[in-house]
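To start, the structure itself, in structure tokens.
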Amino acid sequence: MTTQIKGARKVAVRAKNTTAAAPDRVSIRMYCLGTGDCFVIKFFSRKTTCFTMMIDCGSCKGTPAAFAPYLNELKQYVNNTVDLLIVTHEHNDHVDGFAKHPDIFEQLEIREAWFAWTENPDDPNGYAQELQTKRGKMRAALHNAINAVKDRHENLKIGGHGEEMNSNFNRIMLNNSAAFIDGLDTLASINLHGTATGAAPLPGMRIIKDILIKKKVKIRYLNPGDIVSLPLLQGVKFNVLGPPTNREFIFKDGKAGTDVYRKNLTLNDSALCVNAFLALNNSERNDVPFISDYIAAYGATAAIYNSPGNQWRKINDDWLSSAGSLALRLNSHINNTSLALAIEFEKSGKVLLFPGDAEYGSWESWHQIKKWEKKGRDGRHLTECLLNRTVFYKVGHHLSYNGTALEKGILMMESEELAAMATLDRRRIAEKWKSTMPNRLLLQELIKRCQGKVFIMDEYQLCNRPSHQLDPHTLGKRVYEEGWGTGPDAGTLLYKQYAITNL
Amino acid sequence: MCPINAKSYIGKKPPFRKLRGYAFDPSLSLKMDTAAINNIVYKVPWETLEPGPIGEYVEVIDYDPTTGKFYRPVDLDDDYILAQDGLDPSESDPQFHQQMVYAVAMTTIRNFERALGRKVLWEPRRDLNLPIEEEYVQRLRMYPHAMREANAYYSPVKKSLLFGYFASTPADETLHMPHSVVFTALSHDIIAHEITHAILDGVHNYYNEPTNPDVLAFHEAFADIVALFQHFTFPDVLKHQICKTRGDLGAQNLLGQLAQEFSSAIGDYGSLRDAIGEVDPETREWRPKVPNPDDYRREMEPHARGSILVAAVFEAFLSIYKSRIADLLRIASNGTGILRQGELPPDLVDRLANEAAKAAGHVLTMCIRAIDYCPPIDITFGDYLRAIITADMDIVKDDSRDYRLAFIDAFRRRGIYPDGIKTLSVESLGYPLQNIGFMTDKRGTLMQKKEDGENDHLNTTTKELLAIVNGFLRDYGDEIKYVNDRRSIFYKTREYITGRYEKGRPGVPGLHTRLNTKFAQSEDFARLTGMAFVENYRELGLRQSSQYDGASFQILKLRLVTRVGPNGSQINNVVFSLIQRSGVIFKDGQVAGYFTPNKNALAQTTDEEEPIPEGGFEFRGGCTLIFDLDTQTLKYAISKPIIDIQSLEDGCTPALNSKRIRCQYRYQNGEADFRLNDYFQFFGNGFHYMTEPFAFLHQH
């Protein structure tokens, strides 16, 4: 009896294949490269793949060799063809795979590529160019500042204040200074390109753009409110949520508790600080906030300040700590330029949400997209409606407190089918990220809402493991799958995959 | 006639120096309706100043490290400047910035000295909290242009205030010009806030070590309370607002709104007043926030938590104000409660504003003097409430206006209850008086007092010994009473703690020695103070004193307090604190063992120079003792016990206070999943050994 049914199905598949069919199943594969995003999403119509899409390729840790097994598997899996490549934002944990193995991407056939409007070199409003210039300046400033902070650390080591220092106290100062540098390095590792002068764009972003141009791939820059349908993909709509075009939102400040789990910061007040850092290596620094008449020649005040007994009260280097808030601002700013997409299946209404690393400012702006007002069910805003119908959520910013909005985000995801994937791996992560990732409350809420269907790249060191609530293997192979390496890579978890049916 | 010059004029030194400045911050000078009230004249005590200004308490050093430049120091004794009450308020003149920080700092210092009844001393220079080589710090240093950030902080290591400046991207573009430069050194609130951190550090230096969620929140809230009520003591500011209300008698709402509207929008300072009230989104009217006891249980972030305390104190202030003006309103409305239409009569406005200013002054004084009645470590909001009530009971015998009740009620409504009291009333909140029943006369002879001691906790020996200590403290009080020089006060006080040993003269033992020889193993004293003056202290992870057979302890902040109450009542107290350290190893939710901490707390090793075992951390106990010199009594022992007092009562082997150990461990090791802010998460190095706690705290 069973064979008869199988045969019947086969016939049906063939019949449908003659026209472009709407997909009925989708599988989302998360490559376990280390903390960072690399996804391949395949759309199936009946049993055949009808569309292959790739989002980002990066990890904040890892050598080209370490990337190889994952990317080789990926190349094989996509069968050398990617119908759509999406690059969300310019952070190493999302793009440096392109730089580490450009050969693989040169060989791939890429049919179309999407970027956020902020990457458009010819943005008609000129906003993108302005942002890029600002970003470049902030990068260069941060680069200078980090070097200065490291110099300060070296001076501290030899007791640069010229006074005898209590060794224990000095050691604690050094420890704290080292912790500060760790923090800077953590943020620099995804925002800056190694030791090269900071202003240049990250190599991953530059290389993939070069490859795409060389291959003459169709590139589209997307604005919030855009709704894109592709001829190859019947019945699927790509709703573009972010990044916001309103510059205010890119620097938006959220309020802890009501808006995000922890306070978000993005006030754009580092401008003066950036100038000072940029001028650090100049012999004469004249960027004073007053007219020059007020500048004193060497006088009594200077004598007090520099007197030998007062060395311990000098503040020459304290202001360098502003590098910390500068780094956080730059990081948040770039996160907020993430291309955020809600992929909607028209027939079932189900939504897959890929927000990149968008932070609160971006999340909030989604709800204010003018075109979408009253476009949702019961006259609600379309964004709210999309969030309500979300069945799959790529957790923003690796489970940190600021990658998921609270009231305007996770609390609106009401679907019983909701599942989530998070690209967090505490074994392969920049050191200081561990303190913010995962956010315990966010993880708790996600596990509750997804009824345990939260797939984390590596649950290492998490006290609240989703698998304790639900062993993903009980979902069955058709729904959840893990891919392990073979040969020399045996024992390496290459990917985790989750499939959604009844689309 | 020869002209009058300085030599021919026989006059007195002026009591005040008048300095013009902003009442709030420069942004309000640009709005028509607030410009009038924003410029006020600060009256600071007269003192001789060097250019800077550099005076007795503070020195302004205007060095801008971001450009490597010094700005010209202002000479406030310059004839032209003296003749016009200081420089004109101006954003573009760094010399005015120097004048502004000086004026606000000195105003705040004066408020503290008045309330505390003694001179403000800065925390001596030491390495973190370690008194290796204490060095007297005469002047707090202030750097008005120290960094380019929306931040200002007190650096305990450098004994300095650092103020930042930045390009603004304002929330309200109509108030600040976008991309204009904003100077934190021009905001009254920020300056008052930061200098309060410095003064509080001089009174309780352990309050910048977070051992429970209230500690840093208290530091923040206290600083904001001082800034807020200092504002309200300027009646002109209030007059202007009260004038605007016309017939509306809900003037209490107006004050709350005022507090919030004018809180600085820079950095996180404004958020401390979030809990006072909010603007109704529909009616657009301001209304006070209904307190929610859950907030105190849930909020762990220092600013959010601190805002609960600010709101509680503010509510107490409003109740006091309301009761003070009830009669005025009856008179003005002929008993109807309804005022005539139109503007309020100026006399009424004056009276209302003066009452508000007076109430604010009282609340400010109550809040400040309470810090002498707080335990030296690990403070909670509940402890602070008890301190406020006790301090007030001491000086104001007749609380005819129910100030204390106003405070208790406001704290109760926010779910802030002190630990270890059975009922919530004025009597039970006040710390119990300790009667020691004995006193010494001037020659040191011991006498029994006439009224018999009712304190049965202490045995006669202890009482006698305490009386002798009391006599010693009275000598200290007598000696220090007429010393006005702050440096002498500092060194004399230290001498009384450590003793005086000079060549060729008989040594005079200090307080430390006296306590040690008398109480080294007195269980009675242990019960009183909660300190481990017990035989088995070694097994409990306490160090042995370097000179005696007994647990080592530290004496902090010996000080003479002289205060005069509103009814002429006067108190003369000597206050000091004891601190003990113990090394505790905590595993799997319980105490698993002890280690002896290194003498040098910064060494981060055990006494044997071994690394600290896993799960090991330093646990402290502390006690503030208040002696009354007039009645020769030990008045209060305000304790955060290091030992489990119950174990003493039960006659068991003394044990450490496991409840406090558990709380501290949970808090400091993130079981509560609490971090200050993301800046701290990325750039901090844990809670222990924070060298710049306030730099982190004010980040956002």
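Each chain of the structure tokens is named A, B, ... in the order shown, its residues numbered from 1; ligands are numbered from 1 in display order.
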### Message
Which residues are near stretch 177-191 of chain A? Cut-off 8 Å, only C-alpha atoms, ignore same chain within fewer than 2 positions. Put them as a PyMOL selection string.
### Response
(chain A and resi 60+90-93+139+146+149-150+153+173-175+193-194+202+323-324+327-328+330-331+430-433) or (chain B and resi 682-685)
Prev. selection, C-alpha atoms, output as a PDB file, in the first residue's frame:
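This is the output file result-v3.pdb:
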```
ATOM      1  CA  CYS A  60      35.008  36.636  15.143  1.00  0.00           C
ATOM      2  CA  GLU A  90      30.198  45.350   7.862  1.00  0.00           C
ATOM      3  CA  HIS A  91      31.428  43.461  10.907  1.00  0.00           C
ATOM      4  CA  ASN A  92      34.115  40.831  10.779  1.00  0.00           C
ATOM      5  CA  ASP A  93      31.866  38.251  12.385  1.00  0.00           C
ATOM      6  CA  ARG A 139      37.622  53.793  12.845  1.00  0.00           C
ATOM      7  CA  ILE A 146      43.891  51.885  21.002  1.00  0.00           C
ATOM      8  CA  VAL A 149      45.936  53.110  25.438  1.00  0.00           C
ATOM      9  CA  LYS A 150      48.466  50.367  24.811  1.00  0.00           C
ATOM     10  CA  HIS A 153      49.732  50.355  29.583  1.00  0.00           C
ATOM     11  CA  MET A 173      46.136  49.192  37.959  1.00  0.00           C
ATOM     12  CA  LEU A 174      47.796  47.008  35.348  1.00  0.00           C
ATOM     13  CA  ASN A 175      45.122  44.337  35.659  1.00  0.00           C
ATOM     14  CA  HIS A 193      40.883  45.522  10.142  1.00  0.00           C
ATOM     15  CA  GLY A 194      43.747  44.177  12.213  1.00  0.00           C
ATOM     16  CA  LEU A 202      36.898  45.738   6.351  1.00  0.00           C
ATOM     17  CA  ALA A 323      38.051  55.094  23.507  1.00  0.00           C
ATOM     18  CA  GLY A 324      35.768  52.644  25.275  1.00  0.00           C
ATOM     19  CA  ALA A 327      34.252  51.712  20.394  1.00  0.00           C
ATOM     20  CA  LEU A 328      30.819  50.861  21.755  1.00  0.00           C
ATOM     21  CA  LEU A 330      30.945  52.570  16.523  1.00  0.00           C
ATOM     22  CA  ASN A 331      29.925  48.996  17.155  1.00  0.00           C
ATOM     23  CA  ALA A 430      36.270  37.469  21.419  1.00  0.00           C
ATOM     24  CA  GLU A 431      37.043  37.366  25.134  1.00  0.00           C
ATOM     25  CA  LYS A 432      35.030  40.252  26.514  1.00  0.00           C
ATOM     26  CA  TRP A 433      31.886  39.335  24.634  1.00  0.00           C
TER      27      TRP A 433
ATOM     28  CA  PHE B 682      33.336  45.376  28.194  1.00  0.00           C
ATOM     29  CA  PHE B 683      35.975  47.382  29.956  1.00  0.00           C
ATOM     30  CA  GLY B 684      35.658  46.577  33.640  1.00  0.00           C
ATOM     31  CA  ASN B 685      37.512  44.016  35.659  1.00  0.00           C
TER      32      ASN B 685
END
```
### Message
Taking 5 positions as the minimum chain separation for residues in the same chain, which residues sit within 9 Å of A:Asn275 when counting only C-alpha atoms? Answer as a VMD selection string.
### Response
chain A and resid 137 141 270 280 287
### Message
Nearest residue to A:Trp319 out of A:Phe392, A:Phe277, A:Phe44, A:Tyr460, using only C-alpha atoms?
### Response
A:Phe277
### Task
From a DSSP pass on the backbone, collect the residues of stretch 590-693 of chain B flagged as strand (DSSP E or B) and hand them back as a PyMOL selection string.
chain B and resi 590-595+597+605-606+611+616-628+633-640+643+656
Could you turn the residues from that selection into a file that holds C-alpha atoms, as a PDB file, in the first residue's frame?
```pdb
ATOM      1  CA  GLN B 590      27.766  27.477  51.613  1.00  0.00           C
ATOM      2  CA  VAL B 591      30.874  28.364  53.537  1.00  0.00           C
ATOM      3  CA  ALA B 592      33.418  25.651  52.804  1.00  0.00           C
ATOM      4  CA  GLY B 593      36.366  26.985  54.757  1.00  0.00           C
ATOM      5  CA  TYR B 594      38.459  29.968  55.667  1.00  0.00           C
ATOM      6  CA  PHE B 595      41.809  31.451  54.809  1.00  0.00           C
ATOM      7  CA  PRO B 597      43.842  37.251  54.113  1.00  0.00           C
ATOM      8  CA  THR B 605      47.047  36.360  48.262  1.00  0.00           C
ATOM      9  CA  THR B 606      46.633  34.683  51.587  1.00  0.00           C
ATOM     10  CA  PRO B 611      47.159  32.350  45.895  1.00  0.00           C
ATOM     11  CA  GLY B 616      37.702  32.502  48.290  1.00  0.00           C
ATOM     12  CA  PHE B 617      36.878  36.136  48.837  1.00  0.00           C
ATOM     13  CA  GLU B 618      37.306  38.800  51.451  1.00  0.00           C
ATOM     14  CA  PHE B 619      34.393  39.292  53.788  1.00  0.00           C
ATOM     15  CA  ARG B 620      34.131  42.252  56.115  1.00  0.00           C
ATOM     16  CA  GLY B 621      32.250  43.312  59.169  1.00  0.00           C
ATOM     17  CA  GLY B 622      31.988  46.818  60.480  1.00  0.00           C
ATOM     18  CA  CYS B 623      30.502  48.814  63.295  1.00  0.00           C
ATOM     19  CA  THR B 624      29.997  52.503  63.918  1.00  0.00           C
ATOM     20  CA  LEU B 625      30.218  53.506  67.565  1.00  0.00           C
ATOM     21  CA  ILE B 626      28.802  56.800  68.760  1.00  0.00           C
ATOM     22  CA  PHE B 627      29.850  58.074  72.164  1.00  0.00           C
ATOM     23  CA  ASP B 628      28.157  61.001  73.838  1.00  0.00           C
ATOM     24  CA  THR B 633      27.571  57.184  77.385  1.00  0.00           C
ATOM     25  CA  LEU B 634      28.091  54.905  74.493  1.00  0.00           C
ATOM     26  CA  LYS B 635      24.997  55.884  72.646  1.00  0.00           C
ATOM     27  CA  TYR B 636      24.798  53.635  69.636  1.00  0.00           C
ATOM     28  CA  ALA B 637      26.556  50.652  68.174  1.00  0.00           C
ATOM     29  CA  ILE B 638      25.477  50.430  64.521  1.00  0.00           C
ATOM     30  CA  SER B 639      26.739  47.169  63.235  1.00  0.00           C
ATOM     31  CA  LYS B 640      27.177  45.031  60.147  1.00  0.00           C
ATOM     32  CA  ILE B 643      30.083  37.161  63.400  1.00  0.00           C
ATOM     33  CA  LEU B 656      30.769  33.985  61.050  1.00  0.00           C
TER      34      LEU B 656
END
```
Contacts between chain B and chain A, please, where a residue of chain A counts if it comes within 8 Å (with only C-alpha atoms); show its shortest atom pair and distance in Å to one decimal, rows by chain and ascending number, as JSON lines.
```
{"residue": "A:Asn166", "atom": "CA", "partner": "B:Asp127", "partner_atom": "CA", "distance": 7.9}
{"residue": "A:Asn168", "atom": "CA", "partner": "B:Ala603", "partner_atom": "CA", "distance": 5.5}
{"residue": "A:Phe169", "atom": "CA", "partner": "B:Asp127", "partner_atom": "CA", "distance": 6.3}
{"residue": "A:Ile172", "atom": "CA", "partner": "B:Tyr689", "partner_atom": "CA", "distance": 7.0}
{"residue": "A:Met173", "atom": "CA", "partner": "B:Thr691", "partner_atom": "CA", "distance": 7.1}
{"residue": "A:Asn175", "atom": "CA", "partner": "B:Asn685", "partner_atom": "CA", "distance": 7.6}
{"residue": "A:Asn176", "atom": "CA", "partner": "B:Asn685", "partner_atom": "CA", "distance": 5.7}
{"residue": "A:Ala179", "atom": "CA", "partner": "B:Asn685", "partner_atom": "CA", "distance": 5.7}
{"residue": "A:Phe180", "atom": "CA", "partner": "B:Phe683", "partner_atom": "CA", "distance": 4.3}
{"residue": "A:Ile181", "atom": "CA", "partner": "B:Phe683", "partner_atom": "CA", "distance": 7.4}
{"residue": "A:Asp182", "atom": "CA", "partner": "B:Phe683", "partner_atom": "CA", "distance": 7.3}
{"residue": "A:Gly183", "atom": "CA", "partner": "B:Phe682", "partner_atom": "CA", "distance": 4.8}
{"residue": "A:Leu184", "atom": "CA", "partner": "B:Phe683", "partner_atom": "CA", "distance": 7.4}
{"residue": "A:Arg262", "atom": "CA", "partner": "B:Asn677", "partner_atom": "CA", "distance": 7.7}
{"residue": "A:Lys263", "atom": "CA", "partner": "B:Asn677", "partner_atom": "CA", "distance": 7.3}
{"residue": "A:Leu265", "atom": "CA", "partner": "B:His700", "partner_atom": "CA", "distance": 6.4}
{"residue": "A:Leu267", "atom": "CA", "partner": "B:Thr169", "partner_atom": "CA", "distance": 6.9}
{"residue": "A:Asn268", "atom": "CA", "partner": "B:Thr169", "partner_atom": "CA", "distance": 6.3}
{"residue": "A:Asp269", "atom": "CA", "partner": "B:Ala167", "partner_atom": "CA", "distance": 5.3}
{"residue": "A:Ser270", "atom": "CA", "partner": "B:Glu149", "partner_atom": "CA", "distance": 6.7}
{"residue": "A:Ala271", "atom": "CA", "partner": "B:Ala167", "partner_atom": "CA", "distance": 6.2}
{"residue": "A:Leu272", "atom": "CA", "partner": "B:Phe166", "partner_atom": "CA", "distance": 6.0}
{"residue": "A:Cys273", "atom": "CA", "partner": "B:Arg148", "partner_atom": "CA", "distance": 5.1}
{"residue": "A:Ala276", "atom": "CA", "partner": "B:Thr66", "partner_atom": "CA", "distance": 6.0}
{"residue": "A:Arg285", "atom": "CA", "partner": "B:Thr67", "partner_atom": "CA", "distance": 5.3}
{"residue": "A:Asn286", "atom": "CA", "partner": "B:Thr67", "partner_atom": "CA", "distance": 6.5}
{"residue": "A:Asp287", "atom": "CA", "partner": "B:Thr67", "partner_atom": "CA", "distance": 6.8}
{"residue": "A:Val288", "atom": "CA", "partner": "B:Thr67", "partner_atom": "CA", "distance": 6.7}
{"residue": "A:Pro289", "atom": "CA", "partner": "B:Val181", "partner_atom": "CA", "distance": 7.6}
{"residue": "A:Phe290", "atom": "CA", "partner": "B:Ser92", "partner_atom": "CA", "distance": 6.0}
{"residue": "A:Ile291", "atom": "CA", "partner": "B:Ser92", "partner_atom": "CA", "distance": 8.0}
{"residue": "A:Tyr294", "atom": "CA", "partner": "B:Tyr71", "partner_atom": "CA", "distance": 5.5}
{"residue": "A:Ile295", "atom": "CA", "partner": "B:Tyr71", "partner_atom": "CA", "distance": 4.5}
{"residue": "A:Ala296", "atom": "CA", "partner": "B:Arg72", "partner_atom": "CA", "distance": 4.7}
{"residue": "A:Ala297", "atom": "CA", "partner": "B:Phe70", "partner_atom": "CA", "distance": 7.5}
{"residue": "A:Tyr298", "atom": "CA", "partner": "B:Phe70", "partner_atom": "CA", "distance": 7.8}
{"residue": "A:Thr301", "atom": "CA", "partner": "B:Ile61", "partner_atom": "CA", "distance": 6.3}
{"residue": "A:Ala302", "atom": "CA", "partner": "B:Phe70", "partner_atom": "CA", "distance": 6.9}
{"residue": "A:Tyr305", "atom": "CA", "partner": "B:Ile61", "partner_atom": "CA", "distance": 7.3}
{"residue": "A:Trp312", "atom": "CA", "partner": "B:Lys158", "partner_atom": "CA", "distance": 6.4}
{"residue": "A:Arg313", "atom": "CA", "partner": "B:Lys158", "partner_atom": "CA", "distance": 4.7}
{"residue": "A:Lys314", "atom": "CA", "partner": "B:Lys158", "partner_atom": "CA", "distance": 7.6}
{"residue": "A:Ile315", "atom": "CA", "partner": "B:Pro65", "partner_atom": "CA", "distance": 7.0}
{"residue": "A:Asn316", "atom": "CA", "partner": "B:Pro65", "partner_atom": "CA", "distance": 5.2}
{"residue": "A:Asp317", "atom": "CA", "partner": "B:Pro65", "partner_atom": "CA", "distance": 7.4}
{"residue": "A:Asp318", "atom": "CA", "partner": "B:Met147", "partner_atom": "CA", "distance": 7.7}
{"residue": "A:Trp319", "atom": "CA", "partner": "B:Met147", "partner_atom": "CA", "distance": 4.8}
{"residue": "A:Ser322", "atom": "CA", "partner": "B:Glu149", "partner_atom": "CA", "distance": 6.5}
{"residue": "A:Gly324", "atom": "CA", "partner": "B:Phe683", "partner_atom": "CA", "distance": 7.0}
{"residue": "A:Ser325", "atom": "CA", "partner": "B:Tyr679", "partner_atom": "CA", "distance": 6.9}
{"residue": "A:Leu328", "atom": "CA", "partner": "B:Tyr679", "partner_atom": "CA", "distance": 7.7}
{"residue": "A:Lys432", "atom": "CA", "partner": "B:Phe682", "partner_atom": "CA", "distance": 5.7}
{"residue": "A:Trp433", "atom": "CA", "partner": "B:Phe682", "partner_atom": "CA", "distance": 7.2}
{"residue": "A:Ser435", "atom": "CA", "partner": "B:Gln681", "partner_atom": "CA", "distance": 5.8}
{"residue": "A:Thr436", "atom": "CA", "partner": "B:Gln681", "partner_atom": "CA", "distance": 6.7}
{"residue": "A:Arg440", "atom": "CA", "partner": "B:Asp673", "partner_atom": "CA", "distance": 7.4}
```
### Message
Need to verify the contact set: A:Gln461, 12 Å, only C-alpha atoms, exclusion of same-chain residues closer than 2 positions in sequence. Can you return it as a ChimeraX atom specification?
### Response
/A:424-427,434-435,437-438,456,458-459,463-465
Can I get the selected residues back with N, CA and C atoms, as a compact mmCIF listing (two decimals), in the first residue's frame?
```txt
# COMPACT_ATOMS: atom_id res chain seq x y z
N LEU A 424 25.93 31.78 18.71
CA LEU A 424 26.82 32.04 19.84
C LEU A 424 27.61 30.78 20.15
N ASP A 425 28.91 30.95 20.27
CA ASP A 425 29.77 29.83 20.61
C ASP A 425 30.82 30.36 21.57
N ARG A 426 30.64 30.09 22.85
CA ARG A 426 31.54 30.69 23.84
C ARG A 426 32.94 30.11 23.84
N ARG A 427 33.16 29.07 23.02
CA ARG A 427 34.54 28.60 22.87
C ARG A 427 35.27 29.43 21.83
N LYS A 434 31.99 37.57 26.23
CA LYS A 434 31.38 36.58 27.11
C LYS A 434 30.55 37.25 28.20
N SER A 435 30.94 38.49 28.56
CA SER A 435 30.22 39.13 29.65
C SER A 435 28.82 39.58 29.24
N MET A 437 27.14 38.03 26.48
CA MET A 437 26.47 37.00 25.71
C MET A 437 26.59 35.66 26.42
N PRO A 438 25.50 34.98 26.69
CA PRO A 438 24.13 35.41 26.40
C PRO A 438 23.58 36.30 27.52
N ILE A 456 21.35 26.81 19.60
CA ILE A 456 22.51 27.68 19.79
C ILE A 456 23.72 26.97 19.22
N ASP A 458 26.70 26.64 20.09
CA ASP A 458 27.35 25.80 21.09
C ASP A 458 26.84 26.22 22.45
N GLU A 459 26.29 25.26 23.19
CA GLU A 459 25.70 25.62 24.47
C GLU A 459 26.73 25.66 25.58
N CYS A 463 24.26 28.24 31.54
CA CYS A 463 23.64 27.54 32.66
C CYS A 463 22.21 27.18 32.32
N ASN A 464 21.64 27.94 31.40
CA ASN A 464 20.26 27.66 31.03
C ASN A 464 20.25 27.11 29.60
N ARG A 465 20.43 25.80 29.48
CA ARG A 465 20.56 25.23 28.13
C ARG A 465 19.19 24.86 27.57
```
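Between atom CA of B:Thr562 and atom CA of B:Phe519 the interatomic distance comes to 27.7 Å.
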### Message
To test your reading of the structure, identify every residue in stretch 414-451 of chain A that backbone DSSP assigns to alpha helix (DSSP H), and report it as JSON, numbers by chain.
### Response
{"A": [440, 441, 442, 443, 444, 445, 446, 447, 448, 449]}
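Of the listed residues (B:Phe96, B:Trp46, B:Tyr136, B:Tyr153), B:Trp46 comes nearest to B:Phe16; the distances count only C-alpha atoms.
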### Task
Work out how far apart atom CA of B:Asn669 and atom CA of B:Lys587 are and give it in Å to one decimal.
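Between atom CA of B:Asn669 and atom CA of B:Lys587 the gap works out to 11.6 Å.
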